[in-house]
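Engineer: First the structure, then my questions, so here it is.
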Amino acid sequence: MNRATLHERIAALIERSAGAHRAAERAGLADERDRLLQDLATYQGDVVAPYRRLAGAGHQSLFDEWPPALPTEVFRHVRVAAHPPAEDVRVFRTSGTTTGARGEHPFRDLALYDLAARTAARTLLFADAPSEGMRLVILAPDEGEAPDSSLSYMLARFSEWFASSARFVWPLDADALVAALSEAEASGEPTAVLGTSFAFVHAEDSLERSFTLPAGSLLMQTGGFKGRSREVAPDELRAALTARYGLPEHRVVGEYGMTELSSQLYETTIVDPGGARLYCPPPWVRVTAVDPERLEPLPEGTRGLLRIDDAANLDSVACLQTADSATVHPGGLVELHGRHPGALPRGCSLAIEEALER
Amino acid sequence: MSVYRDSPREQLETACEMVRRQGPALRMAPARRAEILHRAVDAVARDESLRPRLAAASGLSEPMVEWALRTTCEPASRAAMTALAEAPPVGAVGDRAVDLALVVLAGNVFTAGIRAVLTPLLFGVPTVVKASSRDDVLVRALAEALEPPFTQALSILSFPPDDGRMEALATHADVIHVHGGDDTVRRIRAMAPASSLVIPHGHGLGVALVFAEGLDFAERHAVTDRLALDIAAYDGRGCLSPQRVYVVGSPTHAIELGDRLHHALERLEARLPRGPLPEAVAAQQMQWRGVAAATGVLFEGRAHSVAVEEDAPLPGPPGYRNVSLHSVADEADFLDAVRPLGPHLKVVGVAGHPIAPIAVALDHAPGLVPRVCDVGTMQTPPFDLWPEALPPWHGLFRRVETR
């Protein structure tokens, strides 16, 4: 199986997935997805050095029905790519850790990333957006300021694909944000306010008035608070945001993405306002909660670590093991419980990194 | 013995004063103190009802708890305690014990309290212990096993984090032994009066140093079994737990040792099973093992892993019987690798080479004060250990200069 053939198959699956968010629709594409993931893993096992080594080592041999999943931490330590650095068109980087190491996800082309991001957002986020696009207010740096941020890249594409107009409010400035939101209010045009959870918390600290965004508006928040000075419970933040922006609660949507992925998961509240607030993977993505120690798949409804097999990750590794705690419910919808902090219950043992930091 | 849980500040101060007044009652022959205290240790060691409670509180398996209790209590023999009680050179330190010691136990392996509590009592110093309320099972058992006059000379206190109450305790103590992380030590130093001596026993880690070519076939087998025990003890969560093994020799030596160690840990699992793995640790373990498998050589068992560093530097393992092996060219290379750990390096276990030259080299390395011992004894220090290169009676005696 060569790259070009895989590229074609992935693109075809994503295109067939457009608009598919119901469990039955996604299930109808699952067999094709699983075959594709298996072929991708075989291909990547040949051409991606750390994945070849992981697979060859028999790691996760306790569970061998699926291809091994590469822990996302590996992206912080070695290059995970099927191609040499000279062929990179873009490298997305994770945020730094306490040790300063940043994970890198190199891309040889962004066509599949774009296709995946556009299809998933069109299906679950901008599902009822007017054809002429929405007014976007973006609480994140634009692509030029943060060229290695996958979020900034995605939001920049959103401003091309889904926007009648777009305004990046960054660095976050209360006056600029008030002006953008006031204009949105006055325009009567559906508006999407997009940003990180932390940016919204920061905005909450500085905004002195509330807004009533026009009908059809929405708010998308992504990411947690890791390493930030202030944390706010998700329910509390959502309540604050609905009040601040004058939106029905179901129009506040969570997005789940990672630098190491090419695809995103969204909460389903736009397309299913009465449903549970859960994250929906696109049909080309397989999500599984696995036993934290043995890494075996767990039955639906059981809490474990989230494994994500993203068929759009052609030039790195598709099968990834995250450190996020989650439950995958019937129908493949994901309940996130959070990311594990680095600090561990250790007795009096000190981690090497902690010792070296002092 | 008195136990105070979440008591108000005034009550804690009263408790300190009551304990402090017991000093004269503890003035007796050192051998007599050792005899009484040894009986308490012996009672704790024989109390089988403690094991399930300690297993639940510590997250270790019951066999591991039993091993830890045994290897902590056995060195506290009557002879060893007597020898230590009689060891302080009166001419140098004075013959009057200080009035009150405060022992702060904040995040330790569960047996750490035994030596921490016995030491000041052995030298006749009334002692107040600030313990974690979730992890005070063993010190309470020890206190309950004491006989007069020690029963009134030891008080166990626990309360949620509260600088006000901690400051009140610190104010009363002549010497404060802090067993905890650097932040805890700093906080207590800041709140202690100038007249109180604060002795830190900070968190740390151990490493092993194996000279592969210094071992013949039979010795390699025995050494890996002993090293496996060092790694498995306390599930790798103690400040004496080896997290890294440095192998002097070629990378092939490291891989060979890794393979042997993996099998030794597998055998040990049957006798001393690891405790349950918290989900957060499992997540970190999964990531760490993945990095090891993707960049080096990983030997993975049911409840342990051994990683050999190859293509990329391995991050520190998450404990819980995960350990990494690193090739070093020689002793100097090893010293370069561990020097940045500074005082956090608590112990170096050596195999395949006499320990004395290694100890001398470490003694001359600025900032390093680890105990140096044979592999297999890293987690079982002698009762008269000099922690952080200070004598156990440091700060427990005073004398007024009259010359």
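In the structure tokens, chains take letters A, B, ... by order of appearance, with residues numbered from 1 within each chain and ligands from 1 in the order shown.
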Distance limit 8 Å, atoms considered: only C-alpha atoms. Which chain B residues sit that close to chain A? Return them as a PyMOL selection string.

Structural biologist: chain B and resi 107-109+180-181+203-205+236-241+243+277+279-288+290-291+293-295+297-298+300+312-313+315-319+340-342+344

Engineer: Quick one: write out the picked residues with N, CA and C atoms as a CSV table (one decimal), in the first residue's frame?

Structural biologist:
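The new file part_27.csv reads:
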```csv
chain,number,residue,atom,x,y,z
B,107,GLY,N,4.5,13.2,53.4
B,107,GLY,CA,4.8,12.5,52.2
B,107,GLY,C,6.0,11.7,52.2
B,108,ASN,N,5.9,10.5,52.8
B,108,ASN,CA,7.0,9.6,52.9
B,108,ASN,C,6.5,8.2,52.7
B,109,VAL,N,7.5,7.3,52.5
B,109,VAL,CA,7.1,5.9,52.6
B,109,VAL,C,6.6,5.6,54.0
B,180,GLY,N,9.9,15.7,54.1
B,180,GLY,CA,8.9,16.1,53.1
B,180,GLY,C,9.6,16.8,52.0
B,181,GLY,N,8.9,17.3,51.1
B,181,GLY,CA,9.4,17.9,49.9
B,181,GLY,C,10.1,19.3,50.1
B,203,HIS,N,12.8,15.1,49.9
B,203,HIS,CA,12.6,14.0,48.9
B,203,HIS,C,13.8,13.8,48.0
B,204,GLY,N,13.9,12.6,47.5
B,204,GLY,CA,15.0,12.4,46.6
B,204,GLY,C,14.8,11.1,45.8
B,205,LEU,N,16.0,10.6,45.4
B,205,LEU,CA,15.9,9.4,44.6
B,205,LEU,C,17.2,8.6,44.7
B,236,GLY,N,8.9,1.4,44.2
B,236,GLY,CA,9.7,2.5,43.5
B,236,GLY,C,9.2,3.8,43.8
B,237,ARG,N,8.6,4.0,45.0
B,237,ARG,CA,8.0,5.3,45.3
B,237,ARG,C,8.8,6.0,46.5
B,238,GLY,N,9.9,5.3,47.0
B,238,GLY,CA,10.6,5.9,48.1
B,238,GLY,C,11.8,6.7,47.6
B,239,CYS,N,12.3,7.5,48.6
B,239,CYS,CA,13.4,8.4,48.2
B,239,CYS,C,14.7,7.6,48.1
B,240,LEU,N,14.7,6.3,48.4
B,240,LEU,CA,15.8,5.5,48.2
B,240,LEU,C,15.7,4.6,47.0
B,241,SER,N,14.5,4.8,46.3
B,241,SER,CA,14.2,3.9,45.2
B,241,SER,C,15.1,4.2,44.0
B,243,GLN,N,15.9,4.9,40.4
B,243,GLN,CA,15.1,5.2,39.2
B,243,GLN,C,15.9,5.0,38.0
B,277,LEU,N,-2.3,0.4,40.6
B,277,LEU,CA,-1.8,1.6,39.9
B,277,LEU,C,-2.9,2.6,39.8
B,279,GLU,N,-4.9,5.7,38.3
B,279,GLU,CA,-5.1,6.0,36.9
B,279,GLU,C,-4.1,7.1,36.4
B,280,ALA,N,-3.8,8.1,37.2
B,280,ALA,CA,-2.9,9.1,36.8
B,280,ALA,C,-1.5,8.6,36.5
B,281,VAL,N,-1.1,7.6,37.4
B,281,VAL,CA,0.2,7.0,37.2
B,281,VAL,C,0.2,6.1,36.0
B,282,ALA,N,-0.9,5.4,35.8
B,282,ALA,CA,-1.0,4.5,34.6
B,282,ALA,C,-0.8,5.3,33.4
B,283,ALA,N,-1.4,6.5,33.3
B,283,ALA,CA,-1.3,7.4,32.2
B,283,ALA,C,0.1,7.8,31.9
B,284,GLN,N,0.8,8.1,33.0
B,284,GLN,CA,2.2,8.5,32.9
B,284,GLN,C,3.1,7.3,32.5
B,285,GLN,N,2.8,6.2,33.1
B,285,GLN,CA,3.5,5.0,32.8
B,285,GLN,C,3.4,4.6,31.3
B,286,MET,N,2.1,4.7,30.8
B,286,MET,CA,1.9,4.4,29.4
B,286,MET,C,2.7,5.3,28.5
B,287,GLN,N,2.8,6.6,28.8
B,287,GLN,CA,3.5,7.5,28.0
B,287,GLN,C,5.0,7.2,28.1
B,288,TRP,N,5.5,7.0,29.3
B,288,TRP,CA,6.9,6.8,29.5
B,288,TRP,C,7.4,5.5,28.8
B,290,GLY,N,5.9,4.1,26.3
B,290,GLY,CA,5.8,4.3,24.9
B,290,GLY,C,7.1,5.0,24.3
B,291,VAL,N,7.5,6.0,25.0
B,291,VAL,CA,8.8,6.7,24.6
B,291,VAL,C,9.9,5.8,24.6
B,293,ALA,N,9.9,2.5,24.3
B,293,ALA,CA,9.8,1.5,23.2
B,293,ALA,C,10.1,2.1,21.9
B,294,ALA,N,9.7,3.4,21.7
B,294,ALA,CA,9.9,4.0,20.4
B,294,ALA,C,11.3,4.6,20.2
B,295,THR,N,12.1,4.7,21.3
B,295,THR,CA,13.4,5.3,21.1
B,295,THR,C,14.5,4.4,21.7
B,297,VAL,N,15.1,0.4,24.0
B,297,VAL,CA,14.7,-1.0,24.2
B,297,VAL,C,13.9,-1.1,25.4
B,298,LEU,N,12.7,-1.7,25.3
B,298,LEU,CA,11.8,-1.8,26.5
B,298,LEU,C,11.5,-3.2,26.8
B,300,GLU,N,9.1,-5.2,29.1
B,300,GLU,CA,7.8,-4.9,29.8
B,300,GLU,C,7.2,-6.1,30.4
B,312,ALA,N,17.4,8.4,22.0
B,312,ALA,CA,17.1,9.7,22.5
B,312,ALA,C,17.1,9.6,24.0
B,313,PRO,N,17.4,10.8,24.7
B,313,PRO,CA,17.4,10.7,26.2
B,313,PRO,C,16.1,10.3,26.7
B,315,PRO,N,13.2,10.4,29.5
B,315,PRO,CA,12.8,11.1,30.6
B,315,PRO,C,12.8,10.2,31.9
B,316,GLY,N,12.7,10.8,33.0
B,316,GLY,CA,12.7,10.1,34.3
B,316,GLY,C,11.5,9.2,34.3
B,317,PRO,N,11.7,8.0,34.8
B,317,PRO,CA,10.5,7.0,34.9
B,317,PRO,C,9.5,7.5,36.0
B,318,PRO,N,8.3,7.0,35.9
B,318,PRO,CA,7.3,7.4,36.8
B,318,PRO,C,7.3,6.6,38.1
B,319,GLY,N,8.3,5.9,38.4
B,319,GLY,CA,8.3,5.0,39.6
B,319,GLY,C,7.5,3.8,39.4
B,340,PRO,N,24.3,16.7,38.7
B,340,PRO,CA,23.2,17.6,38.7
B,340,PRO,C,22.1,17.3,39.7
B,341,LEU,N,22.0,16.1,40.2
B,341,LEU,CA,21.0,15.7,41.1
B,341,LEU,C,21.2,16.3,42.5
B,342,GLY,N,22.5,16.6,42.8
B,342,GLY,CA,22.9,17.3,44.0
B,342,GLY,C,22.4,16.6,45.2
B,344,HIS,N,19.6,15.8,46.2
B,344,HIS,CA,18.4,14.9,46.0
B,344,HIS,C,18.8,13.5,45.8
```

Engineer: Going by DSSP on the backbone, which residues of stretch 97-315 of chain B come out as strand (DSSP E or B)? List them as an MDAnalysis selection string.

Structural biologist: chainID B and resid 97 101:105 127:130 154:158 175:180 197:202 204:211 242:248 297:300 305:308

Engineer: With only C-alpha atoms as the counted atoms, please give the residues lying no more than 9 Å from A:Arg93, apart from itself and same-chain residues fewer than 3 positions off, as a count of residues only.

Structural biologist: 11

Engineer: Can you tell me, as a VMD selection string, what residues are no more than 12 Å from stretch 15-17 of chain A when counting only C-alpha atoms, ignoring any on the same chain fewer than 5 positions away?

Structural biologist: chain A and resid 8 to 10 22 24 to 30 32 to 33 112 114 to 124 281 to 285 312

Engineer: Under the rule that only C-alpha atoms are counted, which of B:Arg399, B:Arg140, B:Arg21, B:Arg339 is the nearest residue to B:Pro370?

Structural biologist: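 Comparing B:Arg399, B:Arg140, B:Arg21, B:Arg339 against B:Pro370, the winner is B:Arg339.
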
Engineer: Run DSSP on the backbone and tell me which residues of stretch 190-264 of chain B come out as helix (DSSP H, G or I); list them as a ChimeraX atom specification.

Structural biologist: /B:190-191,212-214,217-236,251-264

Engineer: Mind writing the picked residues with N, CA, C and O atoms as a short mmCIF file (atom, residue, chain, number, x, y, z; two decimals), in the first residue's frame?

Structural biologist:
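selection_0.cif, freshly written:
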```cif
data_model
loop_
_atom_site.label_atom_id
_atom_site.label_comp_id
_atom_site.auth_asym_id
_atom_site.auth_seq_id
_atom_site.Cartn_x
_atom_site.Cartn_y
_atom_site.Cartn_z
N ALA B 190 10.87 28.92 57.12
CA ALA B 190 10.45 30.33 57.17
C ALA B 190 9.66 30.62 58.44
O ALA B 190 9.69 31.74 58.97
N MET B 191 8.95 29.63 58.95
CA MET B 191 8.10 29.91 60.11
C MET B 191 8.78 29.57 61.44
O MET B 191 8.30 29.98 62.49
N ALA B 212 29.44 -4.00 34.73
CA ALA B 212 29.03 -5.29 34.17
C ALA B 212 30.22 -6.24 34.04
O ALA B 212 30.08 -7.45 34.29
N GLU B 213 31.36 -5.71 33.66
CA GLU B 213 32.50 -6.61 33.44
C GLU B 213 33.13 -7.08 34.75
O GLU B 213 33.99 -7.97 34.73
N GLY B 214 32.71 -6.48 35.84
CA GLY B 214 33.23 -6.92 37.13
C GLY B 214 32.45 -8.07 37.73
O GLY B 214 32.69 -8.47 38.86
N PHE B 217 29.25 -14.80 35.63
CA PHE B 217 27.89 -15.22 35.27
C PHE B 217 26.99 -15.36 36.50
O PHE B 217 25.88 -14.85 36.55
N ALA B 218 27.51 -16.08 37.50
CA ALA B 218 26.70 -16.33 38.70
C ALA B 218 26.41 -15.03 39.44
O ALA B 218 25.30 -14.80 39.95
N GLU B 219 27.43 -14.17 39.48
CA GLU B 219 27.23 -12.89 40.17
C GLU B 219 26.19 -12.03 39.46
O GLU B 219 25.40 -11.34 40.10
N ARG B 220 26.20 -12.07 38.13
CA ARG B 220 25.20 -11.27 37.39
C ARG B 220 23.79 -11.67 37.78
O ARG B 220 22.92 -10.84 37.95
N HIS B 221 23.59 -12.96 37.91
CA HIS B 221 22.27 -13.47 38.28
C HIS B 221 21.89 -12.94 39.67
O HIS B 221 20.80 -12.41 39.89
N ALA B 222 22.83 -13.07 40.60
CA ALA B 222 22.54 -12.65 41.97
C ALA B 222 22.35 -11.13 42.05
O ALA B 222 21.45 -10.64 42.75
N VAL B 223 23.18 -10.41 41.32
CA VAL B 223 23.08 -8.94 41.37
C VAL B 223 21.75 -8.46 40.80
O VAL B 223 21.11 -7.56 41.35
N THR B 224 21.31 -9.06 39.71
CA THR B 224 20.03 -8.61 39.15
C THR B 224 18.88 -8.93 40.10
O THR B 224 17.94 -8.14 40.21
N ASP B 225 18.96 -10.03 40.80
CA ASP B 225 17.92 -10.33 41.79
C ASP B 225 17.92 -9.28 42.90
O ASP B 225 16.87 -8.82 43.35
N ARG B 226 19.13 -8.92 43.35
CA ARG B 226 19.20 -7.93 44.43
C ARG B 226 18.75 -6.55 43.94
O ARG B 226 18.05 -5.82 44.65
N LEU B 227 19.16 -6.22 42.73
CA LEU B 227 18.76 -4.92 42.18
C LEU B 227 17.24 -4.88 41.96
O LEU B 227 16.60 -3.85 42.19
N ALA B 228 16.68 -5.99 41.54
CA ALA B 228 15.22 -6.05 41.35
C ALA B 228 14.51 -5.75 42.67
O ALA B 228 13.49 -5.06 42.69
N LEU B 229 15.07 -6.26 43.76
CA LEU B 229 14.46 -6.01 45.06
C LEU B 229 14.54 -4.51 45.41
O LEU B 229 13.56 -3.93 45.91
N ASP B 230 15.68 -3.90 45.13
CA ASP B 230 15.79 -2.45 45.37
C ASP B 230 14.73 -1.68 44.58
O ASP B 230 14.15 -0.72 45.06
N ILE B 231 14.52 -2.11 43.34
CA ILE B 231 13.57 -1.41 42.46
C ILE B 231 12.14 -1.64 42.91
O ILE B 231 11.31 -0.72 42.93
N ALA B 232 11.85 -2.89 43.30
CA ALA B 232 10.47 -3.23 43.64
C ALA B 232 10.05 -2.72 45.02
O ALA B 232 8.86 -2.47 45.26
N ALA B 233 11.02 -2.57 45.92
CA ALA B 233 10.68 -2.16 47.28
C ALA B 233 9.91 -0.85 47.26
O ALA B 233 10.26 0.09 46.56
N TYR B 234 8.87 -0.81 48.04
CA TYR B 234 7.99 0.36 48.11
C TYR B 234 7.46 0.74 46.72
O TYR B 234 7.10 1.89 46.46
N ASP B 235 7.45 -0.21 45.83
CA ASP B 235 6.99 -0.01 44.45
C ASP B 235 7.70 1.15 43.75
O ASP B 235 7.13 1.81 42.87
N GLY B 236 8.92 1.39 44.16
CA GLY B 236 9.68 2.45 43.48
C GLY B 236 9.24 3.85 43.84
O GLY B 236 9.51 4.80 43.11
N PRO B 251 26.79 -0.53 25.30
CA PRO B 251 25.32 -0.59 25.29
C PRO B 251 24.82 -2.03 25.35
O PRO B 251 23.76 -2.30 25.90
N THR B 252 25.59 -2.94 24.80
CA THR B 252 25.17 -4.35 24.85
C THR B 252 25.08 -4.84 26.29
O THR B 252 24.18 -5.59 26.66
N HIS B 253 26.02 -4.38 27.11
CA HIS B 253 25.97 -4.75 28.53
C HIS B 253 24.66 -4.27 29.17
O HIS B 253 24.05 -4.97 29.97
N ALA B 254 24.27 -3.05 28.79
CA ALA B 254 23.03 -2.50 29.36
C ALA B 254 21.83 -3.31 28.93
O ALA B 254 20.92 -3.59 29.73
N ILE B 255 21.81 -3.71 27.67
CA ILE B 255 20.67 -4.50 27.18
C ILE B 255 20.64 -5.87 27.87
O ILE B 255 19.58 -6.35 28.28
N GLU B 256 21.80 -6.47 28.02
CA GLU B 256 21.85 -7.76 28.71
C GLU B 256 21.34 -7.64 30.14
O GLU B 256 20.55 -8.45 30.62
N LEU B 257 21.80 -6.59 30.83
CA LEU B 257 21.35 -6.39 32.20
C LEU B 257 19.85 -6.11 32.24
O LEU B 257 19.14 -6.59 33.13
N GLY B 258 19.39 -5.33 31.28
CA GLY B 258 17.96 -5.00 31.21
C GLY B 258 17.12 -6.26 31.10
O GLY B 258 16.09 -6.40 31.77
N ASP B 259 17.56 -7.16 30.24
CA ASP B 259 16.82 -8.41 30.04
C ASP B 259 16.80 -9.23 31.34
O ASP B 259 15.75 -9.73 31.77
N ARG B 260 17.96 -9.32 31.98
CA ARG B 260 18.03 -10.08 33.24
C ARG B 260 17.14 -9.42 34.31
O ARG B 260 16.45 -10.10 35.07
N LEU B 261 17.23 -8.12 34.36
CA LEU B 261 16.47 -7.39 35.38
C LEU B 261 14.97 -7.57 35.17
O LEU B 261 14.20 -7.73 36.13
N HIS B 262 14.58 -7.55 33.92
CA HIS B 262 13.17 -7.78 33.58
C HIS B 262 12.70 -9.12 34.13
O HIS B 262 11.65 -9.22 34.79
N HIS B 263 13.49 -10.15 33.90
CA HIS B 263 13.08 -11.48 34.40
C HIS B 263 13.14 -11.56 35.92
O HIS B 263 12.29 -12.20 36.56
N ALA B 264 14.09 -10.87 36.50
CA ALA B 264 14.18 -10.87 37.97
C ALA B 264 12.96 -10.17 38.58
O ALA B 264 12.41 -10.62 39.59
#
```

Engineer: Mind checking which residues fall within 9 Å of A:Arg3, counting only C-alpha atoms, ignoring those fewer than 5 positions away in the same chain, and posting them as a ChimeraX atom specification?

Structural biologist: /A:8,40,43,314-315

Engineer: Any chance you could export the current selection's C-alpha atoms as a PDB file, in the first residue's frame?

Structural biologist:
```
ATOM      1  CA  GLU A   8      -6.992   8.776  -1.956  1.00  0.00           C
ATOM      2  CA  LEU A  40      -2.278   2.864   7.537  1.00  0.00           C
ATOM      3  CA  TYR A  43       2.347   1.490   6.027  1.00  0.00           C
ATOM      4  CA  LEU A 314      -1.268   9.955   7.024  1.00  0.00           C
ATOM      5  CA  ASP A 315       2.296  11.213   7.350  1.00  0.00           C
TER       6      ASP A 315
END
```

Engineer: Hey, what's within 12 Å of B:Phe334 if we count only C-alpha atoms and toss same-chain stuff fewer than 2 positions away? As an MDAnalysis selection string, please?

Structural biologist: chainID B and resid 207:211 244:249 326:332 336:341 348 350 358 361:362 365

Engineer: Would you mind exporting the chosen residues as a PDB file, in the first residue's frame, restricted to N, CA and C atoms?

Structural biologist:
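Saved file result.pdb follows:
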```pdb
ATOM      1  N   VAL B 207      20.074   5.884  42.631  1.00  0.00           N
ATOM      2  CA  VAL B 207      20.533   5.319  41.356  1.00  0.00           C
ATOM      3  C   VAL B 207      21.423   4.122  41.684  1.00  0.00           C
ATOM      4  N   ALA B 208      21.535   3.235  40.717  1.00  0.00           N
ATOM      5  CA  ALA B 208      22.444   2.105  40.868  1.00  0.00           C
ATOM      6  C   ALA B 208      23.556   2.236  39.837  1.00  0.00           C
ATOM      7  N   LEU B 209      24.697   1.697  40.193  1.00  0.00           N
ATOM      8  CA  LEU B 209      25.863   1.736  39.308  1.00  0.00           C
ATOM      9  C   LEU B 209      26.393   0.304  39.206  1.00  0.00           C
ATOM     10  N   VAL B 210      26.323  -0.231  38.008  1.00  0.00           N
ATOM     11  CA  VAL B 210      26.714  -1.631  37.821  1.00  0.00           C
ATOM     12  C   VAL B 210      27.906  -1.698  36.863  1.00  0.00           C
ATOM     13  N   PHE B 211      28.978  -2.290  37.351  1.00  0.00           N
ATOM     14  CA  PHE B 211      30.150  -2.540  36.504  1.00  0.00           C
ATOM     15  C   PHE B 211      29.975  -3.939  35.925  1.00  0.00           C
ATOM     16  N   ARG B 244      17.196   5.086  38.123  1.00  0.00           N
ATOM     17  CA  ARG B 244      18.069   4.870  36.973  1.00  0.00           C
ATOM     18  C   ARG B 244      19.175   3.902  37.378  1.00  0.00           C
ATOM     19  N   VAL B 245      19.554   3.082  36.441  1.00  0.00           N
ATOM     20  CA  VAL B 245      20.693   2.186  36.641  1.00  0.00           C
ATOM     21  C   VAL B 245      21.730   2.567  35.594  1.00  0.00           C
ATOM     22  N   TYR B 246      22.913   2.925  36.046  1.00  0.00           N
ATOM     23  CA  TYR B 246      24.002   3.237  35.131  1.00  0.00           C
ATOM     24  C   TYR B 246      24.863   1.992  34.974  1.00  0.00           C
ATOM     25  N   VAL B 247      25.096   1.624  33.743  1.00  0.00           N
ATOM     26  CA  VAL B 247      25.842   0.403  33.459  1.00  0.00           C
ATOM     27  C   VAL B 247      27.167   0.799  32.820  1.00  0.00           C
ATOM     28  N   VAL B 248      28.247   0.509  33.521  1.00  0.00           N
ATOM     29  CA  VAL B 248      29.571   0.807  32.972  1.00  0.00           C
ATOM     30  C   VAL B 248      29.919  -0.287  31.970  1.00  0.00           C
ATOM     31  N   GLY B 249      30.106   0.133  30.741  1.00  0.00           N
ATOM     32  CA  GLY B 249      30.397  -0.843  29.691  1.00  0.00           C
ATOM     33  C   GLY B 249      29.707  -0.446  28.409  1.00  0.00           C
ATOM     34  N   HIS B 326      21.134   3.104  31.616  1.00  0.00           N
ATOM     35  CA  HIS B 326      21.918   4.033  30.801  1.00  0.00           C
ATOM     36  C   HIS B 326      23.367   3.553  30.767  1.00  0.00           C
ATOM     37  N   SER B 327      23.935   3.497  29.592  1.00  0.00           N
ATOM     38  CA  SER B 327      25.346   3.111  29.480  1.00  0.00           C
ATOM     39  C   SER B 327      26.223   4.297  29.830  1.00  0.00           C
ATOM     40  N   VAL B 328      27.265   4.038  30.599  1.00  0.00           N
ATOM     41  CA  VAL B 328      28.284   5.066  30.837  1.00  0.00           C
ATOM     42  C   VAL B 328      29.648   4.432  30.575  1.00  0.00           C
ATOM     43  N   ALA B 329      30.568   5.276  30.164  1.00  0.00           N
ATOM     44  CA  ALA B 329      31.870   4.738  29.779  1.00  0.00           C
ATOM     45  C   ALA B 329      32.680   4.324  31.000  1.00  0.00           C
ATOM     46  N   ASP B 330      32.605   5.118  32.031  1.00  0.00           N
ATOM     47  CA  ASP B 330      33.432   4.857  33.213  1.00  0.00           C
ATOM     48  C   ASP B 330      32.859   5.615  34.412  1.00  0.00           C
ATOM     49  N   GLU B 331      33.597   5.554  35.497  1.00  0.00           N
ATOM     50  CA  GLU B 331      33.157   6.180  36.752  1.00  0.00           C
ATOM     51  C   GLU B 331      32.998   7.694  36.595  1.00  0.00           C
ATOM     52  N   ALA B 332      33.902   8.307  35.842  1.00  0.00           N
ATOM     53  CA  ALA B 332      33.831   9.763  35.649  1.00  0.00           C
ATOM     54  C   ALA B 332      32.566  10.142  34.887  1.00  0.00           C
ATOM     55  N   ASP B 336      29.511  12.582  36.181  1.00  0.00           N
ATOM     56  CA  ASP B 336      28.947  13.693  35.394  1.00  0.00           C
ATOM     57  C   ASP B 336      27.431  13.566  35.288  1.00  0.00           C
ATOM     58  N   ALA B 337      26.959  12.325  35.146  1.00  0.00           N
ATOM     59  CA  ALA B 337      25.520  12.117  34.967  1.00  0.00           C
ATOM     60  C   ALA B 337      24.737  12.424  36.232  1.00  0.00           C
ATOM     61  N   VAL B 338      25.299  12.099  37.400  1.00  0.00           N
ATOM     62  CA  VAL B 338      24.505  12.253  38.629  1.00  0.00           C
ATOM     63  C   VAL B 338      24.771  13.564  39.366  1.00  0.00           C
ATOM     64  N   ARG B 339      25.850  14.246  38.995  1.00  0.00           N
ATOM     65  CA  ARG B 339      26.194  15.470  39.734  1.00  0.00           C
ATOM     66  C   ARG B 339      25.036  16.482  39.760  1.00  0.00           C
ATOM     67  N   PRO B 340      24.295  16.659  38.661  1.00  0.00           N
ATOM     68  CA  PRO B 340      23.197  17.638  38.705  1.00  0.00           C
ATOM     69  C   PRO B 340      22.096  17.304  39.715  1.00  0.00           C
ATOM     70  N   LEU B 341      22.050  16.071  40.164  1.00  0.00           N
ATOM     71  CA  LEU B 341      20.993  15.698  41.125  1.00  0.00           C
ATOM     72  C   LEU B 341      21.250  16.279  42.508  1.00  0.00           C
ATOM     73  N   VAL B 348      23.354   5.541  46.377  1.00  0.00           N
ATOM     74  CA  VAL B 348      23.942   4.926  45.174  1.00  0.00           C
ATOM     75  C   VAL B 348      24.238   3.466  45.517  1.00  0.00           C
ATOM     76  N   VAL B 350      25.897  -0.020  44.409  1.00  0.00           N
ATOM     77  CA  VAL B 350      27.009  -0.390  43.521  1.00  0.00           C
ATOM     78  C   VAL B 350      27.098  -1.913  43.403  1.00  0.00           C
ATOM     79  N   ILE B 358      34.157   4.289  45.052  1.00  0.00           N
ATOM     80  CA  ILE B 358      32.993   5.051  44.552  1.00  0.00           C
ATOM     81  C   ILE B 358      32.557   6.052  45.619  1.00  0.00           C
ATOM     82  N   ALA B 361      34.899   8.940  45.647  1.00  0.00           N
ATOM     83  CA  ALA B 361      34.660   9.834  44.499  1.00  0.00           C
ATOM     84  C   ALA B 361      33.416  10.685  44.722  1.00  0.00           C
ATOM     85  N   LEU B 362      32.370  10.073  45.250  1.00  0.00           N
ATOM     86  CA  LEU B 362      31.137  10.831  45.504  1.00  0.00           C
ATOM     87  C   LEU B 362      31.345  11.828  46.636  1.00  0.00           C
ATOM     88  N   ALA B 365      32.717  14.876  45.301  1.00  0.00           N
ATOM     89  CA  ALA B 365      31.914  15.590  44.300  1.00  0.00           C
ATOM     90  C   ALA B 365      31.084  16.652  45.011  1.00  0.00           C
TER      91      ALA B 365
END
```

Engineer: Between atom CA of A:Phe92 and atom CA of A:Gly257, measure the distance and give it in Å to one decimal.

Structural biologist: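 So the answer is 12.4 Å.
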
Engineer: Could you name the residues that touch A:Leu213 at 10 Å or less, counting only C-alpha atoms, but leaving out those on the same chain fewer than 2 positions away, as a list in words?

Structural biologist: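 Skipping anything fewer than 2 positions along the chain leaves Leu181, Ser182, Glu183, Ala184, Glu185, Ala186, Ser187, Gly188, Glu189, Pro190, Thr191, Ala192, Val193, Ser210, Phe211, Ala215, Gly216, Ser217, Leu218, Arg244, Tyr245, Gly246 and Leu247 of chain A.
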